[in-house]
file structure_32.cif (mmCIF, C-alpha atoms and all ligand atoms)
data_data
loop_
_atom_site.label_atom_id
_atom_site.label_comp_id
_atom_site.auth_asym_id
_atom_site.auth_seq_id
_atom_site.Cartn_x
_atom_site.Cartn_y
_atom_site.Cartn_z
CA MET A 1 116.66 79.58 282.69
CA SER A 2 117.63 76.77 285.06
CA GLU A 3 114.82 74.77 286.64
CA THR A 4 114.57 72.09 289.30
CA LYS A 5 112.56 69.03 288.41
CA LYS A 6 111.39 66.75 291.19
CA THR A 7 110.51 63.13 290.60
CA LYS A 8 110.03 59.90 292.52
CA VAL A 9 112.15 57.96 290.03
CA LEU A 10 114.83 59.34 287.75
CA ILE A 11 115.97 56.95 285.03
CA ILE A 12 119.31 57.80 283.42
CA GLY A 13 119.75 56.20 280.01
CA SER A 14 117.51 55.33 277.06
CA GLY A 15 118.68 51.87 275.99
CA PRO A 16 116.62 48.69 276.52
CA ALA A 17 117.30 48.86 280.29
CA GLY A 18 116.16 52.48 280.67
CA TYR A 19 113.03 52.19 278.54
CA THR A 20 111.94 48.95 280.20
CA ALA A 21 112.45 50.52 283.63
CA ALA A 22 110.31 53.43 282.38
CA VAL A 23 107.49 51.13 281.23
CA TYR A 24 107.39 49.28 284.56
CA SER A 25 107.74 52.31 286.83
CA SER A 26 105.07 54.19 284.85
CA ARG A 27 102.70 51.26 285.31
CA ALA A 28 103.51 51.37 289.03
CA MET A 29 102.26 55.00 289.01
CA LEU A 30 105.69 56.35 289.92
CA GLU A 31 105.59 58.97 287.12
CA PRO A 32 109.24 58.45 286.14
CA VAL A 33 111.42 60.96 284.36
CA LEU A 34 113.86 59.43 281.87
CA VAL A 35 116.90 61.34 280.62
CA GLN A 36 118.05 60.03 277.24
CA GLY A 37 121.69 61.09 277.09
CA LEU A 38 123.77 61.64 273.97
CA GLN A 39 122.67 58.41 272.31
CA PRO A 40 118.86 58.26 272.45
CA GLY A 41 117.98 54.58 272.11
CA GLY A 42 121.44 53.40 273.16
CA GLN A 43 123.78 50.97 271.43
CA LEU A 44 121.15 49.26 269.27
CA THR A 45 120.75 52.46 267.30
CA ILE A 46 124.16 51.85 265.71
CA THR A 47 123.41 48.37 264.43
CA THR A 48 121.25 46.98 261.66
CA GLU A 49 119.40 43.65 262.02
CA VAL A 50 118.62 42.39 265.50
CA GLU A 51 117.69 38.72 265.27
CA ASN A 52 117.45 37.75 268.92
CA TRP A 53 114.79 40.04 270.36
CA PRO A 54 111.95 37.65 271.26
CA GLY A 55 108.89 38.12 269.12
CA GLU A 56 110.81 39.69 266.22
CA THR A 57 112.57 37.28 263.87
CA GLU A 58 114.35 40.29 262.47
CA ILE A 59 114.07 43.98 263.30
CA GLN A 60 116.36 46.93 262.63
CA GLY A 61 118.03 48.12 265.87
CA PRO A 62 116.94 51.77 265.48
CA ASP A 63 113.32 50.69 264.75
CA LEU A 64 113.24 48.55 267.90
CA MET A 65 114.43 51.48 269.99
CA VAL A 66 111.86 53.86 268.47
CA LYS A 67 109.20 51.32 269.50
CA MET A 68 110.59 51.12 273.04
CA GLU A 69 110.59 54.90 273.39
CA ALA A 70 106.99 55.10 272.16
CA HIS A 71 106.02 52.33 274.58
CA ALA A 72 107.60 54.14 277.56
CA LYS A 73 105.85 57.39 276.62
CA ALA A 74 102.51 55.65 276.08
CA MET A 75 102.71 54.25 279.61
CA GLY A 76 103.22 57.80 280.94
CA ALA A 77 106.98 58.22 281.32
CA GLU A 78 108.37 61.70 280.76
CA VAL A 79 111.23 61.24 278.29
CA LEU A 80 113.65 64.15 278.17
CA THR A 81 116.48 65.14 275.86
CA ASP A 82 119.26 65.94 278.29
CA TYR A 83 122.60 64.60 279.49
CA ILE A 84 123.50 64.15 283.16
CA THR A 85 126.88 65.76 283.80
CA SER A 86 127.15 64.99 287.52
CA LEU A 87 125.30 63.23 290.29
CA ASP A 88 125.19 63.71 294.05
CA LEU A 89 124.27 60.46 295.75
CA SER A 90 125.50 61.55 299.21
CA LYS A 91 122.07 62.62 300.48
CA ARG A 92 118.40 62.15 299.69
CA PRO A 93 116.68 63.31 297.61
CA PHE A 94 119.47 62.51 295.17
CA THR A 95 120.50 65.31 292.81
CA ALA A 96 121.42 65.03 289.15
CA TYR A 97 122.69 67.96 287.11
CA GLY A 98 121.66 68.13 283.46
CA ASP A 99 123.70 69.66 280.66
CA SER A 100 120.57 71.70 279.82
CA GLY A 101 120.83 73.53 283.15
CA THR A 102 118.00 71.52 284.72
CA THR A 103 118.61 70.07 288.18
CA TYR A 104 116.80 66.81 288.91
CA GLU A 105 115.83 65.81 292.45
CA ALA A 106 114.82 62.18 292.81
CA ASP A 107 113.77 59.90 295.65
CA ALA A 108 115.20 56.93 293.73
CA ILE A 109 117.54 56.67 290.77
CA ILE A 110 117.80 53.95 288.16
CA LEU A 111 121.14 54.01 286.41
CA ALA A 112 121.01 52.56 282.89
CA THR A 113 123.89 54.33 281.19
CA GLY A 114 125.07 51.22 279.35
CA ALA A 115 128.44 51.02 277.70
CA GLN A 116 130.62 52.85 275.19
CA ALA A 117 132.96 51.64 272.46
CA ARG A 118 136.51 50.78 273.51
CA TRP A 119 139.44 52.11 271.50
CA LEU A 120 142.91 50.66 271.02
CA GLY A 121 144.52 53.73 272.57
CA LEU A 122 146.99 54.40 269.73
CA PRO A 123 147.95 58.05 269.07
CA SER A 124 147.44 57.42 265.33
CA GLU A 125 143.94 56.04 266.00
CA GLU A 126 143.09 59.27 267.80
CA LYS A 127 144.59 61.35 264.99
CA PHE A 128 142.48 59.70 262.26
CA LYS A 129 139.20 59.40 264.21
CA GLY A 130 136.53 60.73 261.89
CA PHE A 131 139.02 60.72 259.00
CA GLY A 132 139.01 56.98 258.25
CA VAL A 133 138.94 55.57 261.79
CA SER A 134 135.50 54.66 263.14
CA ALA A 135 133.81 52.49 265.78
CA CYS A 136 130.50 52.31 263.94
CA ALA A 137 130.11 50.53 260.60
CA THR A 138 126.40 51.31 260.44
CA CYS A 139 127.15 55.00 260.74
CA ASP A 140 130.17 55.23 258.42
CA GLY A 141 130.14 52.12 256.19
CA PHE A 142 128.46 54.02 253.35
CA PHE A 143 131.60 56.14 252.82
CA TYR A 144 133.60 53.05 251.79
CA ARG A 145 131.71 52.04 248.68
CA GLY A 146 134.13 50.12 246.42
CA ARG A 147 137.01 50.64 248.88
CA GLU A 148 139.03 48.35 251.14
CA VAL A 149 138.49 48.37 254.91
CA VAL A 150 139.97 46.69 257.98
CA VAL A 151 138.01 45.67 261.08
CA ILE A 152 139.74 44.73 264.33
CA GLY A 153 138.15 42.47 266.97
CA GLY A 154 136.86 38.94 267.38
CA GLY A 155 133.48 39.31 269.11
CA ASN A 156 129.93 39.58 267.79
CA THR A 157 130.33 43.27 267.04
CA ALA A 158 133.47 42.81 264.92
CA VAL A 159 131.97 39.96 262.92
CA GLU A 160 128.69 41.82 262.37
CA GLU A 161 130.55 44.98 261.37
CA ALA A 162 132.72 43.00 258.91
CA LEU A 163 129.64 41.37 257.37
CA PHE A 164 127.78 44.67 257.16
CA LEU A 165 130.74 46.39 255.51
CA THR A 166 130.70 43.86 252.64
CA ASN A 167 127.57 45.71 251.46
CA PHE A 168 129.82 48.60 250.49
CA ALA A 169 133.51 47.69 250.53
CA SER A 170 135.34 45.76 247.82
CA LYS A 171 137.33 43.88 250.47
CA VAL A 172 137.10 43.54 254.25
CA THR A 173 140.06 42.30 256.30
CA LEU A 174 139.21 41.18 259.83
CA ILE A 175 142.22 41.35 262.14
CA HIS A 176 142.05 39.36 265.37
CA ARG A 177 144.68 38.93 268.06
CA ARG A 178 144.01 35.21 268.60
CA ASP A 179 143.41 32.18 266.37
CA SER A 180 139.70 31.81 267.12
CA LEU A 181 136.73 34.16 267.32
CA ARG A 182 134.54 34.57 270.37
CA SER A 183 131.47 35.55 268.35
CA GLU A 184 128.39 33.34 267.98
CA LYS A 185 128.89 30.35 265.67
CA ILE A 186 126.07 31.40 263.31
CA LEU A 187 127.87 34.70 262.65
CA GLN A 188 131.23 32.99 262.22
CA ASP A 189 129.66 30.71 259.65
CA ARG A 190 128.41 33.70 257.65
CA LEU A 191 131.82 35.38 257.95
CA PHE A 192 133.85 32.40 256.70
CA LYS A 193 131.47 31.90 253.77
CA ASN A 194 131.72 35.53 252.61
CA PRO A 195 134.17 35.79 249.68
CA LYS A 196 134.85 39.49 250.34
CA ILE A 197 136.22 38.83 253.84
CA GLU A 198 139.76 37.77 254.70
CA VAL A 199 140.76 37.00 258.30
CA MET A 200 144.23 37.74 259.66
CA TRP A 201 144.72 35.60 262.77
CA ASP A 202 147.11 36.20 265.68
CA THR A 203 147.55 39.78 264.58
CA THR A 204 147.40 43.16 266.28
CA VAL A 205 147.37 46.68 264.84
CA GLU A 206 150.35 48.77 265.91
CA GLU A 207 149.62 51.95 263.98
CA VAL A 208 147.14 53.55 261.63
CA VAL A 209 148.97 55.08 258.68
CA GLY A 210 147.73 57.76 256.31
CA THR A 211 148.11 61.08 254.59
CA GLU A 212 148.36 64.51 256.21
CA ALA A 213 146.71 66.78 253.67
CA PRO A 214 143.99 65.82 253.31
CA LEU A 215 143.97 63.80 256.53
CA GLY A 216 143.04 60.22 255.58
CA VAL A 217 143.82 56.58 256.25
CA THR A 218 145.83 54.54 253.73
CA GLY A 219 146.48 51.42 255.81
CA VAL A 220 147.31 49.85 259.15
CA ARG A 221 150.63 48.48 260.36
CA ALA A 222 149.84 44.96 261.53
CA LYS A 223 152.01 42.65 263.60
CA ASN A 224 151.81 38.89 263.84
CA VAL A 225 152.02 38.17 267.57
CA LYS A 226 153.52 34.71 267.01
CA THR A 227 156.27 35.59 264.50
CA GLY A 228 156.73 39.30 265.25
CA GLU A 229 156.50 39.97 261.50
CA GLU A 230 155.04 43.36 260.55
CA SER A 231 153.20 44.35 257.39
CA ILE A 232 151.11 47.22 256.06
CA VAL A 233 147.53 46.23 255.26
CA PRO A 234 146.23 48.81 252.77
CA CYS A 235 142.78 50.24 253.55
CA ASP A 236 140.76 53.43 253.34
CA GLY A 237 138.79 52.76 256.51
CA PHE A 238 139.68 51.19 259.85
CA PHE A 239 136.86 50.02 262.11
CA VAL A 240 137.61 49.36 265.76
CA ALA A 241 135.25 46.75 267.26
CA ILE A 242 137.05 45.51 270.36
CA GLY A 243 134.21 45.69 272.83
CA HIS A 244 132.62 48.18 275.10
CA ALA A 245 133.38 49.66 278.50
CA PRO A 246 130.69 50.44 281.09
CA ALA A 247 129.63 54.09 281.26
CA SER A 248 130.21 54.40 285.02
CA GLU A 249 132.07 57.71 284.97
CA LEU A 250 129.20 59.50 286.75
CA VAL A 251 129.27 57.18 289.76
CA LYS A 252 132.77 55.69 289.85
CA ASP A 253 133.70 57.57 293.03
CA GLN A 254 130.33 57.08 294.73
CA LEU A 255 129.30 53.47 294.13
CA LYS A 256 131.03 50.14 294.58
CA LEU A 257 132.27 48.81 291.23
CA HIS A 258 133.41 45.38 290.02
CA SER A 259 135.35 43.83 287.12
CA GLY A 260 137.12 47.03 286.19
CA GLY A 261 134.34 49.59 286.17
CA TYR A 262 130.95 47.83 286.14
CA VAL A 263 128.53 49.01 288.82
CA TRP A 264 128.22 46.37 291.53
CA VAL A 265 124.72 45.18 292.45
CA GLU A 266 123.64 42.86 295.23
CA PRO A 267 123.47 39.45 293.50
CA GLY A 268 120.02 38.66 292.13
CA THR A 269 118.85 42.29 292.52
CA THR A 270 119.56 45.73 291.09
CA HIS A 271 120.37 47.33 294.48
CA THR A 272 123.72 49.15 294.33
CA SER A 273 125.93 49.99 297.31
CA ILE A 274 123.77 53.07 298.03
CA GLU A 275 120.17 52.54 299.14
CA GLY A 276 117.69 53.98 296.68
CA VAL A 277 120.11 53.80 293.74
CA PHE A 278 119.53 50.93 291.31
CA ALA A 279 121.54 49.83 288.28
CA ALA A 280 120.53 47.83 285.21
CA GLY A 281 121.85 46.66 281.85
CA ASP A 282 125.36 46.80 280.40
CA LEU A 283 126.41 49.23 283.11
CA THR A 284 126.38 46.44 285.64
CA ASP A 285 126.58 43.26 283.54
CA HIS A 286 129.93 42.13 282.14
CA THR A 287 128.70 38.64 281.34
CA TYR A 288 125.60 38.67 279.12
CA ARG A 289 125.47 42.20 277.66
CA GLN A 290 122.40 41.62 275.49
CA ALA A 291 119.38 43.76 274.73
CA VAL A 292 117.03 41.24 276.27
CA THR A 293 119.04 40.83 279.48
CA SER A 294 119.35 44.61 279.80
CA ALA A 295 115.60 44.96 279.40
CA GLY A 296 115.12 42.24 282.03
CA MET A 297 117.32 44.14 284.44
CA GLY A 298 115.44 47.35 283.66
CA CYS A 299 112.26 45.59 284.76
CA MET A 300 113.98 44.36 287.94
CA ALA A 301 115.24 47.85 288.73
CA ALA A 302 111.75 49.36 288.42
CA LEU A 303 110.28 46.65 290.68
CA ASP A 304 113.14 47.03 293.19
CA ALA A 305 112.68 50.82 293.20
CA GLU A 306 108.93 50.52 293.64
CA ARG A 307 109.32 48.20 296.65
CA TRP A 308 112.06 50.31 298.18
CA LEU A 309 109.99 53.51 297.82
CA ALA A 310 106.97 51.79 299.38
CA GLU A 311 109.13 50.78 302.38
CA GLN A 312 110.24 54.42 302.81
CA ASP A 313 106.60 55.55 302.96
P1 LIG A 401 122.79 51.16 276.15
O1 LIG A 401 122.06 50.59 275.02
O2 LIG A 401 124.28 51.23 276.10
O3 LIG A 401 122.21 52.60 276.43
C1 LIG A 401 122.82 53.47 277.35
C2 LIG A 401 122.04 54.75 277.40
O4 LIG A 401 122.55 55.58 278.44
C3 LIG A 401 122.11 55.58 276.13
O5 LIG A 401 120.81 56.00 275.79
C4 LIG A 401 122.95 56.80 276.52
O6 LIG A 401 122.57 57.98 275.83
C5 LIG A 401 122.59 56.91 278.00
N1 LIG A 401 123.57 57.62 278.81
C6 LIG A 401 124.89 57.35 279.01
N2 LIG A 401 125.46 58.28 279.82
C7 LIG A 401 124.47 59.15 280.13
C8 LIG A 401 124.43 60.33 280.92
N3 LIG A 401 125.50 60.79 281.56
N4 LIG A 401 123.25 60.99 281.02
C9 LIG A 401 122.14 60.51 280.40
N5 LIG A 401 122.11 59.40 279.66
C10 LIG A 401 123.27 58.73 279.52
N6 LIG A 401 122.39 42.86 271.75
C11 LIG A 401 121.46 41.97 271.37
O7 LIG A 401 120.76 41.40 272.20
N7 LIG A 401 121.26 41.70 270.04
C12 LIG A 401 121.96 42.30 269.06
O8 LIG A 401 121.77 42.02 267.88
C13 LIG A 401 122.94 43.25 269.44
N8 LIG A 401 123.66 43.91 268.51
C14 LIG A 401 124.57 44.84 268.89
C15 LIG A 401 125.28 45.52 267.90
C16 LIG A 401 126.21 46.47 268.25
C17 LIG A 401 126.99 47.19 267.16
C18 LIG A 401 126.44 46.76 269.62
C19 LIG A 401 127.44 47.83 270.01
C20 LIG A 401 125.74 46.09 270.62
C21 LIG A 401 124.81 45.11 270.25
N9 LIG A 401 124.08 44.41 271.21
C22 LIG A 401 123.14 43.50 270.83
C23 LIG A 401 124.25 44.66 272.65
C24 LIG A 401 123.10 45.61 273.13
O9 LIG A 401 123.05 46.73 272.28
C25 LIG A 401 123.35 46.05 274.56
O10 LIG A 401 123.45 44.90 275.39
C26 LIG A 401 122.19 46.92 275.07
O11 LIG A 401 121.97 48.02 274.21
C27 LIG A 401 122.49 47.45 276.46
O12 LIG A 401 121.40 48.21 276.86
P2 LIG A 401 121.48 49.28 278.02
O13 LIG A 401 120.12 49.81 278.17
O14 LIG A 401 122.13 48.68 279.21
O15 LIG A 401 122.48 50.41 277.53
P1 LIG A 402 133.41 41.43 273.15
O1 LIG A 402 132.52 40.26 273.06
O2 LIG A 402 133.97 41.85 274.47
O3 LIG A 402 134.62 41.17 272.12
C1 LIG A 402 135.70 42.07 272.02
C2 LIG A 402 136.71 41.49 271.02
O4 LIG A 402 137.76 42.43 270.83
C3 LIG A 402 137.33 40.18 271.52
O5 LIG A 402 137.44 39.29 270.45
C4 LIG A 402 138.70 40.64 272.02
O6 LIG A 402 139.69 39.68 271.83
C5 LIG A 402 139.02 41.82 271.13
N1 LIG A 402 139.84 42.81 271.81
C6 LIG A 402 139.64 43.38 273.02
N2 LIG A 402 140.60 44.28 273.29
C7 LIG A 402 141.44 44.26 272.24
C8 LIG A 402 142.64 44.97 271.93
N3 LIG A 402 143.14 45.89 272.76
N4 LIG A 402 143.26 44.70 270.77
C9 LIG A 402 142.75 43.79 269.90
N5 LIG A 402 141.60 43.10 270.13
C10 LIG A 402 140.97 43.32 271.29
O7 LIG A 402 132.71 42.77 272.57
P2 LIG A 402 131.60 42.97 271.45
O8 LIG A 402 131.86 42.14 270.27
O9 LIG A 402 131.46 44.45 271.28
O10 LIG A 402 130.27 42.45 272.16
C11 LIG A 402 129.84 43.07 273.39
C12 LIG A 402 128.57 42.40 273.88
O11 LIG A 402 127.49 42.76 273.01
C13 LIG A 402 128.68 40.88 273.87
O12 LIG A 402 128.03 40.36 274.99
C14 LIG A 402 127.97 40.49 272.62
O13 LIG A 402 127.40 39.20 272.68
C15 LIG A 402 126.90 41.57 272.50
N6 LIG A 402 126.54 41.70 271.09
C16 LIG A 402 125.60 40.83 270.63
C17 LIG A 402 125.28 40.80 269.30
C18 LIG A 402 124.28 39.82 268.82
O14 LIG A 402 123.64 39.19 269.64
N7 LIG A 402 124.08 39.64 267.52
C19 LIG A 402 125.94 41.68 268.42
C20 LIG A 402 126.92 42.54 268.91
C21 LIG A 402 127.22 42.51 270.26
P3 LIG A 402 139.70 38.29 272.66
O15 LIG A 402 138.65 37.44 271.98
O16 LIG A 402 141.08 37.80 272.47
O17 LIG A 402 139.36 38.65 274.06
#
call {"tool": "encode", "arguments": {"input": "structure_32.cif", "output": "C-alpha cells"}}
result
Amino acid sequence: MSETKKTKVLIIGSGPAGYTAAVYSSRAMLEPVLVQGLQPGGQLTITTEVENWPGETEIQGPDLMVKMEAHAKAMGAEVLTDYITSLDLSKRPFTAYGDSGTTYEADAIILATGAQARWLGLPSEEKFKGFGVSACATCDGFFYRGREVVVIGGGNTAVEEALFLTNFASKVTLIHRRDSLRSEKILQDRLFKNPKIEVMWDTTVEEVVGTEAPLGVTGVRAKNVKTGEESIVPCDGFFVAIGHAPASELVKDQLKLHSGGYVWVEPGTTHTSIEGVFAAGDLTDHTYRQAVTSAGMGCMAALDAERWLAEQD
C-alpha cells in the first residue's frame, strides 16, 4: 500500500555525499530520511582499494561505504531502500516519488545522486553489454581468468581497472585516444611497470566484434587516430572506463545546470537555483570528483539546509 512519509530533510543518494549529509543533519536533530537508490553505497562499492581516504592508508571501497552507512544510522538517520523516480520541486513541501510507491514530502532536499558510467555509444557495445562488455572490472573481472581483455580510457578509473584485471587476465590492453594518460602519476607508474599490460596510444575503438550464438566478445576493432590504420585486437572482455556523467536526470528540467549536466550551485555553497534544494558530490562537481570532496560537500549541504530551515522558522 502506498504511504506518504514526511520529513524535514530528504537526502537522495547513498554515496559519501549522502551519508555525510545524513551524519551532519542527524546531529543537527533534523531526523533526515535517506533514500539509497539502485547502488547503495555509490560508486566506491565497485572499486577495490581506496588509498586516499584520510585516516585509512588502504581500505576496500565497499567496506568504507558499509562503515559510512552504519555511521549515518548510528547518528539517527533513517536509511531506506528505495529509488526516487520523479521529483516535484515547484512547491513546498517538495515531493519525491519512490519506486516502492512511497511518496516523500520534505521541507528541504539534499541531492547526492552522484554519477554513472559513460559508454562509448556504439551499437555493438550495447549488443554485447553483459556478454563481454562491462563498465565494472571489480564486478566482472573474475570471469576473465586466464583470458585477454581490453580496457578503454586514460583516467584513474581506466588505469585502476587495467591493474585490477591483471589479477585474472593473461593480458590486458589499455586503449587510449591520446598519447598521454590523465590518471595520477603513482597509478601510471604501476601500470607501466606491469608486464601483463600493453598500452595502445592514439587509438579509439570503432566496434566490438563477437559471436552470435552464444553471444560473446572476440575482439575490438581499433583505429589509430593519427594514421587511420585499423586492426582487430583479440579479447574476451571489453571494459569501458571513459568517465562518468552526473545523475541529474531527476532535476534536469527543474534546476539550473552547468558543464553539460552538473547541477549548478551558488559558488562556495550547496544552494541550487531553487531555495531549499541543496546539491553535493559528483552531481555538482566536475572538477574534483573524489570521495573526500563529495563527503565535504555532503557536510556543507547539511549545514546549509540546517541554516535555511532555521531561517524559515
Ligand atoms: P556516488 O558515489 O555516485 O553515489 C550516488 C548515489 O546516488 C548512489 O547511492 C545511488 O544509488 C544514488 N542515486 C542515484 N540516483 C538516485 C535516485 N533516483 N534515487 C535514489 N538514489 C539515487 N574517489 C576517491 O576519492 N578515491 C578512490 O580511490 C576512488 N576510486 C574510484 C573507483 C571507481 C571505479 C570509481 C567509479 C570512482 C572512484 N572514485 C574514487 C570517485 C568516487 O567514487 C566518487 O567521487 C564518489 O563516490 C562520489 O560520491 P557521491 O556521494 O557524490 O556519489
Ligand atoms: P576521467 O578522469 O574523466 O577520465 C576519462 C578518460 O576517458 C579520459 O582519459 C578520456 O580521454 C577518456 N574518454 C572520455 N570519453 C572518451 C571516448 N568517447 N572515447 C575514448 N576515450 C574517452 O574519468 P574517470 O577515470 O572515471 O575518473 C572520474 C573521477 O573519479 C576523477 O576525478 C578521478 O580522479 C576519480 N577517481 C579517483 C580515483 C582515485 O583517486 N584512485 C580512482 C578512480 C576515479 P582524455 O584523457 O583524452 O580526455
call {"tool": "residues_near_ligand", "arguments": {"input": "structure_32.cif", "ligand": "ligand LIG 401 (chain A)", "cutoff": "6 Å", "atoms": "only C-alpha atoms and all ligand atoms", "output": "VMD selection string"}}
result
chain A and resid 12 to 18 35 to 44 46 to 47 50 to 52 83 to 85 112 to 115 157 281 to 283 289 to 292 294
call {"tool": "residues_near_point", "arguments": {"input": "structure_32.cif", "point": "(134.4, 46.8, 273.1)", "cutoff": "8 Å", "atoms": "only C-alpha atoms", "output": "PDB file with C-alpha atoms, in the frame of the given file"}}
result
ATOM      1  CA  GLN A 116     130.620  52.850 275.190  1.00  0.00           C
ATOM      2  CA  ALA A 117     132.960  51.640 272.460  1.00  0.00           C
ATOM      3  CA  ARG A 118     136.510  50.780 273.510  1.00  0.00           C
ATOM      4  CA  TRP A 119     139.440  52.110 271.500  1.00  0.00           C
ATOM      5  CA  ALA A 241     135.250  46.750 267.260  1.00  0.00           C
ATOM      6  CA  ILE A 242     137.050  45.510 270.360  1.00  0.00           C
ATOM      7  CA  GLY A 243     134.210  45.690 272.830  1.00  0.00           C
ATOM      8  CA  HIS A 244     132.620  48.180 275.100  1.00  0.00           C
ATOM      9  CA  ALA A 245     133.380  49.660 278.500  1.00  0.00           C
TER      10      ALA A 245
END
call {"tool": "atom_distance", "arguments": {"input": "structure_32.cif", "atom1": "CA of Ala279 in chain A", "atom2": "CA of Glu49 in chain A"}}
result
27.1 Å
call {"tool": "closest_residue", "arguments": {"input": "structure_32.cif", "among": "A:Gly276, A:Gly154, A:Gly216, A:Gly228", "to": "Glu311 in chain A", "atoms": "all atoms listed in the file"}}
result
A:Gly276
call {"tool": "residues_near_point", "arguments": {"input": "structure_32.cif", "point": "(129.8, 37.7, 256.9)", "cutoff": "7 Å", "atoms": "only C-alpha atoms", "output": "PyMOL selection string"}}
result
chain A and resi 159-160+162-163+187+190-194
call {"tool": "atom_distance", "arguments": {"input": "structure_32.cif", "atom1": "atom O4 of ligand LIG 402 (chain A)", "atom2": "CA of Met200 in chain A"}}
result
13.7 Å
call {"tool": "closest_residue", "arguments": {"input": "structure_32.cif", "among": "A:Arg147, A:His71, A:Lys5, A:Lys171", "to": "Tyr104 in chain A", "atoms": "all atoms listed in the file"}}
result
A:Lys5
call {"tool": "atom_distance", "arguments": {"input": "structure_32.cif", "atom1": "CA of Pro267 in chain A", "atom2": "CA of Thr293 in chain A"}}
result
14.8 Å
call {"tool": "closest_residue", "arguments": {"input": "structure_32.cif", "among": "A:Asn156, A:Val251, A:His176, A:Leu111", "to": "Phe278 in chain A", "atoms": "only C-alpha atoms"}}
result
A:Leu111
call {"tool": "closest_residue", "arguments": {"input": "structure_32.cif", "among": "A:Ala295, A:Ala28, A:Val240, A:Ile274", "to": "Lys256 in chain A", "atoms": "all atoms listed in the file"}}
result
A:Ile274
call {"tool": "closest_residue", "arguments": {"input": "structure_32.cif", "among": "A:His271, A:Arg178, A:Lys67, A:Arg221", "to": "ligand LIG 402 (chain A)", "atoms": "only C-alpha atoms and all ligand atoms"}}
result
A:Arg178
call {"tool": "closest_residue", "arguments": {"input": "structure_32.cif", "among": "A:Val149, A:Cys139, A:Val277, A:Ala310", "to": "Pro234 in chain A", "atoms": "only C-alpha atoms"}}
result
A:Val149
call {"tool": "residues_around", "arguments": {"input": "structure_32.cif", "residues": "Ile109 in chain A", "least_positions_apart": "2", "cutoff": "6 Å", "atoms": "only C-alpha atoms", "output": "PyMOL selection string"}}
result
chain A and resi 9-11+277
call {"tool": "residues_around", "arguments": {"input": "structure_32.cif", "residues": "Cys299 in chain A", "least_positions_apart": "5", "cutoff": "9 Å", "atoms": "only C-alpha atoms", "output": "list in words"}}
result
Ala17, Gly18, Thr20, Ala21, Ala22, Val23, Tyr24, Ser25, Ala280, Ser294 and Asp304 of chain A
call {"tool": "build_atoms", "arguments": {"input": "structure_32.cif", "residues": "range 61-65 of chain A", "atoms": "all heavy atoms", "output": "compact mmCIF listing (two decimals), in the coordinates of the input"}}
result
# COMPACT_ATOMS: atom_id res chain seq x y z
N GLY A 61 117.76 47.59 264.52
CA GLY A 61 118.03 48.12 265.87
C GLY A 61 117.36 49.46 266.13
O GLY A 61 116.64 49.62 267.13
N PRO A 62 117.56 50.47 265.23
CA PRO A 62 116.94 51.77 265.48
C PRO A 62 115.41 51.69 265.55
O PRO A 62 114.78 52.38 266.36
CB PRO A 62 117.39 52.61 264.27
CG PRO A 62 118.66 51.95 263.82
CD PRO A 62 118.47 50.49 264.06
N ASP A 63 114.79 50.81 264.72
CA ASP A 63 113.32 50.69 264.75
C ASP A 63 112.86 50.12 266.10
O ASP A 63 111.85 50.57 266.67
CB ASP A 63 112.84 49.77 263.63
CG ASP A 63 113.08 50.38 262.26
OD1 ASP A 63 113.33 51.60 262.21
OD2 ASP A 63 113.04 49.64 261.26
N LEU A 64 113.61 49.15 266.60
CA LEU A 64 113.24 48.55 267.90
C LEU A 64 113.28 49.62 268.99
O LEU A 64 112.39 49.70 269.84
CB LEU A 64 114.21 47.40 268.22
CG LEU A 64 114.01 46.68 269.56
CD1 LEU A 64 112.62 46.07 269.66
CD2 LEU A 64 115.07 45.58 269.74
N MET A 65 114.29 50.48 268.93
CA MET A 65 114.43 51.48 269.99
C MET A 65 113.37 52.58 269.87
O MET A 65 112.92 53.12 270.88
CB MET A 65 115.84 52.07 269.99
CG MET A 65 116.92 51.05 270.32
SD MET A 65 116.50 49.87 271.63
CE MET A 65 116.26 50.95 273.03
